[in-house]
>>> print(open('my_file18.cif').read())   # mmCIF, C-alpha atoms
data_coords
#
loop_
_atom_site.label_atom_id
_atom_site.label_comp_id
_atom_site.auth_asym_id
_atom_site.auth_seq_id
_atom_site.Cartn_x
_atom_site.Cartn_y
_atom_site.Cartn_z
CA MET Y 1 23.70 -1.38 -1.50
CA ARG Y 2 23.94 -1.48 -5.29
CA LEU Y 3 24.33 -5.28 -5.02
CA PHE Y 4 21.01 -5.38 -3.18
CA THR Y 5 19.32 -3.57 -6.05
CA PHE Y 6 20.98 -5.83 -8.62
CA VAL Y 7 19.60 -8.93 -6.90
CA PHE Y 8 16.07 -7.57 -7.19
CA VAL Y 9 16.50 -6.63 -10.83
CA VAL Y 10 17.52 -10.21 -11.58
CA LEU Y 11 14.52 -11.58 -9.69
CA LEU Y 12 12.16 -9.26 -11.54
CA ALA Y 13 13.00 -10.93 -14.82
CA ALA Y 14 10.48 -13.61 -13.79
CA VAL Y 15 7.65 -11.15 -13.09
CA PRO Y 16 5.08 -11.30 -15.91
CA ALA Y 17 3.55 -8.32 -17.65
CA TRP Y 18 0.11 -7.43 -16.30
CA ALA Y 19 -2.95 -6.66 -18.39
CA GLY Y 20 -4.88 -5.14 -15.48
CA PRO Y 21 -3.84 -1.48 -15.96
CA GLU Y 22 -5.04 -1.59 -19.57
CA ALA Y 23 -8.64 -1.50 -18.31
CA LEU Y 24 -8.09 1.95 -16.77
CA HIS Y 25 -8.42 5.34 -18.45
CA ASP Y 26 -5.57 6.18 -20.81
CA GLY Y 27 -3.52 9.08 -19.47
CA GLY Y 28 -1.13 9.22 -22.41
CA THR Y 29 2.50 8.29 -22.91
CA ALA Y 30 5.57 10.20 -21.76
CA ARG Y 31 9.22 9.70 -20.88
CA VAL Y 32 10.48 9.55 -17.30
CA THR Y 33 13.21 12.13 -16.70
CA THR Y 34 13.57 12.14 -12.91
CA VAL Y 35 12.89 9.59 -10.17
CA ILE Y 36 12.28 11.35 -6.86
CA ASP Y 37 11.80 8.31 -4.63
CA GLY Y 38 10.40 4.79 -4.84
CA ASP Y 39 6.90 5.89 -5.82
CA THR Y 40 7.27 9.41 -7.24
CA LEU Y 41 8.77 10.67 -10.50
CA VAL Y 42 8.67 13.47 -13.08
CA LEU Y 43 7.85 13.15 -16.79
CA ASP Y 44 9.44 14.98 -19.69
CA ASP Y 45 6.35 17.18 -20.03
CA GLY Y 46 6.90 18.41 -16.45
CA ARG Y 47 4.11 16.43 -14.79
CA PRO Y 48 4.92 14.93 -11.39
CA VAL Y 49 3.50 11.42 -10.97
CA ARG Y 50 2.67 9.44 -7.85
CA LEU Y 51 2.47 5.69 -8.43
CA VAL Y 52 -1.03 5.12 -7.10
CA GLY Y 53 -1.87 2.02 -5.07
CA ILE Y 54 1.50 1.56 -3.39
CA GLN Y 55 3.70 3.15 -0.77
CA ALA Y 56 7.47 2.81 -1.08
CA PRO Y 57 9.77 3.46 1.90
CA LYS Y 58 10.00 7.22 2.39
CA LEU Y 59 13.02 9.48 1.99
CA PRO Y 60 13.52 12.89 3.69
CA LEU Y 61 13.27 14.88 0.43
CA GLY Y 62 14.32 18.08 2.19
CA ARG Y 63 12.17 17.57 5.29
CA VAL Y 64 14.10 18.64 8.38
CA HIS Y 65 14.63 15.94 11.03
CA PHE Y 66 12.84 13.34 8.88
CA LYS Y 67 14.54 9.97 9.23
CA PRO Y 68 14.58 7.92 6.02
CA TRP Y 69 12.70 4.65 6.21
CA PRO Y 70 14.81 1.53 5.72
CA LEU Y 71 15.24 0.58 2.04
CA GLY Y 72 14.09 4.00 0.85
CA ALA Y 73 17.25 4.48 -1.19
CA GLU Y 74 17.00 0.94 -2.60
CA ALA Y 75 13.39 1.50 -3.71
CA LYS Y 76 14.40 4.68 -5.51
CA ALA Y 77 17.36 2.93 -7.14
CA LEU Y 78 15.17 0.09 -8.38
CA LEU Y 79 12.60 2.46 -9.86
CA GLU Y 80 15.42 4.34 -11.61
CA THR Y 81 16.71 1.07 -13.04
CA LEU Y 82 13.24 0.13 -14.24
CA ILE Y 83 12.11 3.37 -15.92
CA GLN Y 84 14.70 6.16 -15.93
CA ASP Y 85 14.76 7.75 -19.41
CA GLN Y 86 12.17 5.26 -20.66
CA ASP Y 87 8.68 5.75 -22.06
CA VAL Y 88 5.72 4.86 -19.86
CA GLN Y 89 2.00 4.69 -20.43
CA LEU Y 90 -0.16 6.28 -17.76
CA ARG Y 91 -3.34 4.55 -16.64
CA LEU Y 92 -5.59 6.65 -14.43
CA GLY Y 93 -8.01 5.69 -11.68
CA THR Y 94 -11.09 7.49 -10.41
CA THR Y 95 -9.20 10.51 -9.07
CA PRO Y 96 -6.48 11.56 -11.57
CA LYS Y 97 -4.59 14.01 -9.30
CA ASP Y 98 -3.85 14.42 -5.60
CA ARG Y 99 -3.96 17.61 -3.54
CA HIS Y 100 -0.32 18.30 -4.40
CA GLY Y 101 -1.10 18.36 -8.11
CA ARG Y 102 0.64 15.07 -8.82
CA VAL Y 103 -0.85 12.73 -11.39
CA LEU Y 104 -2.10 9.53 -9.74
CA ALA Y 105 -1.39 6.74 -12.18
CA HIS Y 106 -0.57 3.12 -12.73
CA LEU Y 107 2.47 3.03 -14.98
CA VAL Y 108 3.18 0.55 -17.75
CA ARG Y 109 6.61 0.45 -19.40
CA VAL Y 110 6.08 0.87 -23.13
CA SER Y 111 8.99 -1.34 -24.20
CA ASP Y 112 7.59 -4.56 -22.70
CA GLY Y 113 4.27 -3.82 -20.96
CA ALA Y 114 5.67 -4.29 -17.45
CA TRP Y 115 3.47 -2.87 -14.68
CA LEU Y 116 5.70 -0.76 -12.45
CA GLN Y 117 3.59 -1.05 -9.30
CA GLY Y 118 3.68 -4.80 -9.72
CA GLU Y 119 7.46 -4.82 -10.13
CA LEU Y 120 8.02 -2.86 -6.91
CA LEU Y 121 5.60 -5.00 -4.90
CA ALA Y 122 7.08 -8.24 -6.21
CA ALA Y 123 10.54 -7.06 -5.14
CA GLY Y 124 9.29 -6.27 -1.65
CA LEU Y 125 10.15 -2.59 -2.04
CA ALA Y 126 6.62 -1.24 -1.58
CA ARG Y 127 3.42 -1.98 0.32
CA VAL Y 128 -0.15 -1.73 -0.97
CA TYR Y 129 -1.63 1.68 -0.13
CA THR Y 130 -5.12 2.27 -1.50
CA PHE Y 131 -7.64 5.08 -1.05
CA PRO Y 132 -11.45 5.09 -1.32
CA ASP Y 133 -11.28 7.08 -4.56
CA ASN Y 134 -8.43 5.01 -6.02
CA ARG Y 135 -9.11 1.32 -5.41
CA ALA Y 136 -8.50 -0.02 -8.91
CA LEU Y 137 -6.47 -3.24 -9.20
CA ALA Y 138 -6.34 -3.65 -5.41
CA ASN Y 139 -6.78 -7.43 -5.60
CA ASP Y 140 -3.83 -7.82 -7.97
CA LEU Y 141 -1.72 -5.51 -5.84
CA MET Y 142 -2.58 -7.44 -2.68
CA ALA Y 143 -1.71 -10.77 -4.31
CA LEU Y 144 1.75 -9.50 -5.26
CA GLU Y 145 2.34 -8.13 -1.78
CA ARG Y 146 1.25 -11.37 -0.12
CA GLN Y 147 3.69 -13.37 -2.24
CA ALA Y 148 6.57 -10.99 -1.49
CA ARG Y 149 5.74 -11.15 2.21
CA ALA Y 150 5.63 -14.96 2.16
CA ASP Y 151 9.02 -15.00 0.43
CA HIS Y 152 10.49 -12.45 2.89
CA MET Y 153 11.43 -10.17 0.02
CA GLY Y 154 12.86 -6.72 0.62
CA LEU Y 155 11.18 -4.80 3.40
CA TRP Y 156 9.33 -7.95 4.57
CA ALA Y 157 12.66 -9.33 5.80
CA LEU Y 158 13.11 -6.39 8.20
CA PRO Y 159 11.61 -6.05 11.70
CA TYR Y 160 10.83 -2.40 10.90
CA TYR Y 161 8.12 -3.51 8.45
CA ALA Y 162 7.05 -6.75 10.13
CA VAL Y 163 3.32 -7.40 10.38
CA ARG Y 164 2.22 -6.32 13.83
CA SER Y 165 -0.12 -8.10 16.24
CA ALA Y 166 -2.77 -6.50 18.43
CA ASP Y 167 -0.31 -6.63 21.33
CA THR Y 168 2.77 -5.22 19.59
CA VAL Y 169 1.12 -2.41 17.59
CA ARG Y 170 0.72 -0.30 20.72
CA PHE Y 171 4.34 0.81 20.21
CA ASP Y 172 3.68 2.15 16.69
CA VAL Y 173 1.35 5.12 17.15
CA GLY Y 174 1.93 7.66 14.38
CA THR Y 175 3.21 5.13 11.84
CA PHE Y 176 1.71 3.17 8.94
CA GLN Y 177 1.47 -0.53 9.75
CA VAL Y 178 0.00 -3.82 8.66
CA VAL Y 179 -1.63 -5.61 11.60
CA ALA Y 180 -2.93 -9.19 11.71
CA ASP Y 181 -4.85 -10.76 14.59
CA ARG Y 182 -8.19 -12.21 15.68
CA VAL Y 183 -11.25 -10.03 16.31
CA VAL Y 184 -12.40 -10.56 19.91
CA ASP Y 185 -15.63 -8.59 19.68
CA VAL Y 186 -17.66 -6.30 17.41
CA ALA Y 187 -19.62 -3.30 18.66
CA LYS Y 188 -21.88 -0.87 16.83
CA VAL Y 189 -21.92 2.40 18.76
CA LYS Y 190 -23.83 5.36 17.32
CA LYS Y 191 -22.18 6.19 13.98
CA ASN Y 192 -19.28 3.76 14.21
CA ILE Y 193 -18.51 0.06 14.16
CA TYR Y 194 -15.60 -1.09 16.30
CA LEU Y 195 -13.66 -4.30 15.81
CA ASN Y 196 -12.03 -4.95 19.19
CA PHE Y 197 -8.94 -7.12 19.57
CA GLY Y 198 -8.87 -7.41 23.35
CA ALA Y 199 -11.08 -7.61 26.42
CA ASP Y 200 -10.65 -3.93 27.30
CA TRP Y 201 -11.75 -1.60 24.50
CA ARG Y 202 -10.33 1.34 26.48
CA SER Y 203 -6.75 0.21 25.92
CA ASP Y 204 -6.61 -2.61 23.35
CA PHE Y 205 -6.15 -2.35 19.58
CA THR Y 206 -9.30 -1.41 17.65
CA ILE Y 207 -10.43 -0.98 14.04
CA LYS Y 208 -12.98 1.81 13.50
CA ILE Y 209 -15.42 1.94 10.56
CA ASN Y 210 -18.14 4.53 10.03
CA THR Y 211 -21.60 2.94 9.78
CA ARG Y 212 -22.32 4.76 6.51
CA LEU Y 213 -19.65 2.55 4.91
CA GLU Y 214 -21.25 -0.71 6.02
CA ALA Y 215 -22.98 -1.26 2.65
CA MET Y 216 -19.71 -0.61 0.77
CA PHE Y 217 -17.97 -3.31 2.78
CA ARG Y 218 -20.89 -5.70 2.34
CA ASN Y 219 -20.84 -5.16 -1.43
CA ALA Y 220 -17.17 -6.10 -1.35
CA GLY Y 221 -18.02 -9.34 0.46
CA VAL Y 222 -17.14 -8.21 3.97
CA ASP Y 223 -19.88 -8.22 6.64
CA VAL Y 224 -18.09 -6.24 9.33
CA LEU Y 225 -20.70 -7.06 11.97
CA SER Y 226 -19.97 -10.78 11.56
CA LEU Y 227 -16.20 -10.66 12.05
CA LYS Y 228 -16.12 -11.72 15.70
CA GLY Y 229 -13.69 -14.62 16.02
CA GLN Y 230 -12.23 -14.07 12.56
CA ARG Y 231 -8.57 -13.45 11.83
CA VAL Y 232 -8.10 -10.30 9.79
CA ARG Y 233 -5.29 -8.25 8.34
CA VAL Y 234 -5.69 -4.46 8.36
CA ARG Y 235 -3.45 -1.64 7.18
CA GLY Y 236 -3.37 2.04 7.99
CA TRP Y 237 -1.93 4.78 10.15
CA ILE Y 238 -1.94 3.99 13.86
CA LYS Y 239 -3.46 6.65 16.08
CA GLU Y 240 -4.23 6.77 19.79
CA GLN Y 241 -7.93 6.58 20.70
CA ASN Y 242 -8.63 4.39 23.71
CA GLY Y 243 -5.50 2.48 22.81
CA PRO Y 244 -3.97 2.03 19.35
CA MET Y 245 -6.53 2.27 16.54
CA ILE Y 246 -6.76 2.16 12.76
CA GLU Y 247 -9.73 3.87 11.12
CA ILE Y 248 -10.48 2.50 7.65
CA ASP Y 249 -12.70 4.04 4.98
CA HIS Y 250 -12.80 1.36 2.27
CA PRO Y 251 -12.82 -2.46 2.27
CA GLU Y 252 -9.48 -2.96 0.52
CA ARG Y 253 -7.75 -1.96 3.75
CA LEU Y 254 -9.19 -5.05 5.48
CA GLU Y 255 -8.50 -8.68 4.57
CA ILE Y 256 -10.10 -11.75 6.11
CA ILE Y 257 -7.42 -14.38 6.70
CA ALA Y 258 -8.49 -17.91 5.81
CA ARG Y 259 -8.54 -20.29 8.75
#
>>> encode(input="my_file18.cif", output="structure tokens")
Amino acid sequence: MRLFTFVFVVLLAAVPAWAGPEALHDGGTARVTTVIDGDTLVLDDGRPVRLVGIQAPKLPLGRVHFKPWPLGAEAKALLETLIQDQDVQLRLGTTPKDRHGRVLAHLVRVSDGAWLQGELLAAGLARVYTFPDNRALANDLMALERQARADHMGLWALPYYAVRSADTVRFDVGTFQVVADRVVDVAKVKKNIYLNFGADWRSDFTIKINTRLEAMFRNAGVDVLSLKGQRVRVRGWIKEQNGPMIEIDHPERLEIIAR
């Protein structure tokens, strides 16, 4: 598997440095001493850091009966190659720490200005994973992911991570998935908006959005009530509620696919 990692390191030589993170709050500079997995590391001052905006394939990390996700080891190895024992600049979003006390940061390698989130996405060893309180640089992240997916890079070459359809996602309850399909109908029911992807809302795939978020989506250029007939791409954890469902709480989790 070391050959696999080497191939990606060679490909990354063509990835440009990104200026985007420079617009974020400066969280200081430190040296990376330990890489825990493909999106988590420890600095020389003891701070644990979670690379915000992405999700690398997960490793067990001591969790009993947890099966590693495919390419988890490769993602960790690539991150080690990119920043182990190197200085990084931390750029912070709206929420600087998560509930585990980890710093949530975009990382820039000091030696050449390379954006680490961008490197992992371009290699196909991470997916975009935003939150309502950490949405910075989402458009740039999405663009890198789309290119990697189009090129079948890394995880995008594996069925495990393939983009699901409304029909196939029913087998993925309890997992994080990217789903792309056409909205069959839109319904506003009490405090929620439902994007339905089949004729039977009791069993077909659905996207759920709280009505209080409607203005947020509209400000981002997405009129959720006008999506009937549109092809969309959504990402999130699949749960069971009258069939498979993804509930989203910010517009970056939903993309309108051009006809």
>>> atom_distance(input="my_file18.cif", atom1="CA of Ala136 (chain Y)", atom2="CA of Ala180 (chain Y)")
23.2 Å
>>> closest_atom_pairs(input="my_file18.cif", of="region 144-192 of chain Y", to="region 201-210 of chain Y", cutoff="6 Å", atoms="only C-alpha atoms", output="CSV")
residue,atom,partner,partner_atom,distance
Y:Ala166,CA,Y:Phe205,CA,5.5
Y:Lys191,CA,Y:Asn210,CA,5.9
Y:Asn192,CA,Y:Asn210,CA,4.4
>>> closest_residue(input="my_file18.cif", among="Y:Gly53, Y:Gly174, Y:Gly101, Y:Gly118", to="Arg253 (chain Y)", atoms="all atoms listed in the file")
Y:Gly53
>>> resolve_selection(input="my_file18.cif", expression="the PyMOL selection byres ((chain Y and resi 36) around 10)", output="VMD selection string")
chain Y and resid 33 to 35 37 to 42 48 to 50 59 61 76 to 77 79 to 80
>>> write_last_selection(input="my_file18.cif", atoms="C-alpha atoms", output="mmCIF file, keeping the file's coordinate frame")
data_model
loop_
_atom_site.group_PDB
_atom_site.id
_atom_site.type_symbol
_atom_site.label_atom_id
_atom_site.label_comp_id
_atom_site.auth_asym_id
_atom_site.auth_seq_id
_atom_site.Cartn_x
_atom_site.Cartn_y
_atom_site.Cartn_z
ATOM 1 C CA THR Y 33 13.210 12.130 -16.700
ATOM 2 C CA THR Y 34 13.570 12.140 -12.910
ATOM 3 C CA VAL Y 35 12.890 9.590 -10.170
ATOM 4 C CA ASP Y 37 11.800 8.310 -4.630
ATOM 5 C CA GLY Y 38 10.400 4.790 -4.840
ATOM 6 C CA ASP Y 39 6.900 5.890 -5.820
ATOM 7 C CA THR Y 40 7.270 9.410 -7.240
ATOM 8 C CA LEU Y 41 8.770 10.670 -10.500
ATOM 9 C CA VAL Y 42 8.670 13.470 -13.080
ATOM 10 C CA PRO Y 48 4.920 14.930 -11.390
ATOM 11 C CA VAL Y 49 3.500 11.420 -10.970
ATOM 12 C CA ARG Y 50 2.670 9.440 -7.850
ATOM 13 C CA LEU Y 59 13.020 9.480 1.990
ATOM 14 C CA LEU Y 61 13.270 14.880 0.430
ATOM 15 C CA LYS Y 76 14.400 4.680 -5.510
ATOM 16 C CA ALA Y 77 17.360 2.930 -7.140
ATOM 17 C CA LEU Y 79 12.600 2.460 -9.860
ATOM 18 C CA GLU Y 80 15.420 4.340 -11.610
#
>>> resolve_selection(input="my_file18.cif", expression="the PyMOL selection byres ((chain Y and resi 240-249) around 10)", output="PDB file with C-alpha atoms, keeping the file's coordinate frame")
ATOM      1  CA  PHE Y 131      -7.640   5.080  -1.050  1.00  0.00           C
ATOM      2  CA  PRO Y 132     -11.450   5.090  -1.320  1.00  0.00           C
ATOM      3  CA  ALA Y 166      -2.770  -6.500  18.430  1.00  0.00           C
ATOM      4  CA  ASP Y 167      -0.310  -6.630  21.330  1.00  0.00           C
ATOM      5  CA  THR Y 168       2.770  -5.220  19.590  1.00  0.00           C
ATOM      6  CA  VAL Y 169       1.120  -2.410  17.590  1.00  0.00           C
ATOM      7  CA  ARG Y 170       0.720  -0.300  20.720  1.00  0.00           C
ATOM      8  CA  PHE Y 171       4.340   0.810  20.210  1.00  0.00           C
ATOM      9  CA  ASP Y 172       3.680   2.150  16.690  1.00  0.00           C
ATOM     10  CA  VAL Y 173       1.350   5.120  17.150  1.00  0.00           C
ATOM     11  CA  GLY Y 174       1.930   7.660  14.380  1.00  0.00           C
ATOM     12  CA  PHE Y 176       1.710   3.170   8.940  1.00  0.00           C
ATOM     13  CA  GLN Y 177       1.470  -0.530   9.750  1.00  0.00           C
ATOM     14  CA  VAL Y 178       0.000  -3.820   8.660  1.00  0.00           C
ATOM     15  CA  VAL Y 179      -1.630  -5.610  11.600  1.00  0.00           C
ATOM     16  CA  TYR Y 194     -15.600  -1.090  16.300  1.00  0.00           C
ATOM     17  CA  LEU Y 195     -13.660  -4.300  15.810  1.00  0.00           C
ATOM     18  CA  ASN Y 196     -12.030  -4.950  19.190  1.00  0.00           C
ATOM     19  CA  ASP Y 200     -10.650  -3.930  27.300  1.00  0.00           C
ATOM     20  CA  TRP Y 201     -11.750  -1.600  24.500  1.00  0.00           C
ATOM     21  CA  ARG Y 202     -10.330   1.340  26.480  1.00  0.00           C
ATOM     22  CA  SER Y 203      -6.750   0.210  25.920  1.00  0.00           C
ATOM     23  CA  ASP Y 204      -6.610  -2.610  23.350  1.00  0.00           C
ATOM     24  CA  PHE Y 205      -6.150  -2.350  19.580  1.00  0.00           C
ATOM     25  CA  THR Y 206      -9.300  -1.410  17.650  1.00  0.00           C
ATOM     26  CA  ILE Y 207     -10.430  -0.980  14.040  1.00  0.00           C
ATOM     27  CA  LYS Y 208     -12.980   1.810  13.500  1.00  0.00           C
ATOM     28  CA  ILE Y 209     -15.420   1.940  10.560  1.00  0.00           C
ATOM     29  CA  ASN Y 210     -18.140   4.530  10.030  1.00  0.00           C
ATOM     30  CA  ARG Y 212     -22.320   4.760   6.510  1.00  0.00           C
ATOM     31  CA  LEU Y 213     -19.650   2.550   4.910  1.00  0.00           C
ATOM     32  CA  GLU Y 214     -21.250  -0.710   6.020  1.00  0.00           C
ATOM     33  CA  MET Y 216     -19.710  -0.610   0.770  1.00  0.00           C
ATOM     34  CA  PHE Y 217     -17.970  -3.310   2.780  1.00  0.00           C
ATOM     35  CA  VAL Y 234      -5.690  -4.460   8.360  1.00  0.00           C
ATOM     36  CA  ARG Y 235      -3.450  -1.640   7.180  1.00  0.00           C
ATOM     37  CA  GLY Y 236      -3.370   2.040   7.990  1.00  0.00           C
ATOM     38  CA  TRP Y 237      -1.930   4.780  10.150  1.00  0.00           C
ATOM     39  CA  ILE Y 238      -1.940   3.990  13.860  1.00  0.00           C
ATOM     40  CA  LYS Y 239      -3.460   6.650  16.080  1.00  0.00           C
ATOM     41  CA  HIS Y 250     -12.800   1.360   2.270  1.00  0.00           C
ATOM     42  CA  PRO Y 251     -12.820  -2.460   2.270  1.00  0.00           C
ATOM     43  CA  GLU Y 252      -9.480  -2.960   0.520  1.00  0.00           C
ATOM     44  CA  ARG Y 253      -7.750  -1.960   3.750  1.00  0.00           C
ATOM     45  CA  LEU Y 254      -9.190  -5.050   5.480  1.00  0.00           C
TER      46      LEU Y 254
END
>>> residues_around(input="my_file18.cif", residues="Ile257 (chain Y)", least_positions_apart="6", cutoff="7 Å", atoms="all atoms listed in the file", output="list in words")
Arg231, Val232 and Arg233 of chain Y
>>> resolve_selection(input="my_file18.cif", expression="the PyMOL selection byres ((chain Y and resi 128) around 6)", output="PDB file with C-alpha atoms, in the frame of the given file")
ATOM      1  CA  GLY Y  53      -1.870   2.020  -5.070  1.00  0.00           C
ATOM      2  CA  ILE Y  54       1.500   1.560  -3.390  1.00  0.00           C
ATOM      3  CA  ARG Y 127       3.420  -1.980   0.320  1.00  0.00           C
ATOM      4  CA  TYR Y 129      -1.630   1.680  -0.130  1.00  0.00           C
TER       5      TYR Y 129
END
>>> residues_around(input="my_file18.cif", residues="Ala162 (chain Y)", least_positions_apart="3", cutoff="10 Å", atoms="only C-alpha atoms", output="PDB file with C-alpha atoms, in the frame of the given file")
ATOM      1  CA  ARG Y 149       5.740 -11.150   2.210  1.00  0.00           C
ATOM      2  CA  HIS Y 152      10.490 -12.450   2.890  1.00  0.00           C
ATOM      3  CA  LEU Y 155      11.180  -4.800   3.400  1.00  0.00           C
ATOM      4  CA  TRP Y 156       9.330  -7.950   4.570  1.00  0.00           C
ATOM      5  CA  ALA Y 157      12.660  -9.330   5.800  1.00  0.00           C
ATOM      6  CA  LEU Y 158      13.110  -6.390   8.200  1.00  0.00           C
ATOM      7  CA  PRO Y 159      11.610  -6.050  11.700  1.00  0.00           C
ATOM      8  CA  SER Y 165      -0.120  -8.100  16.240  1.00  0.00           C
ATOM      9  CA  GLN Y 177       1.470  -0.530   9.750  1.00  0.00           C
ATOM     10  CA  VAL Y 178       0.000  -3.820   8.660  1.00  0.00           C
ATOM     11  CA  VAL Y 179      -1.630  -5.610  11.600  1.00  0.00           C
TER      12      VAL Y 179
END
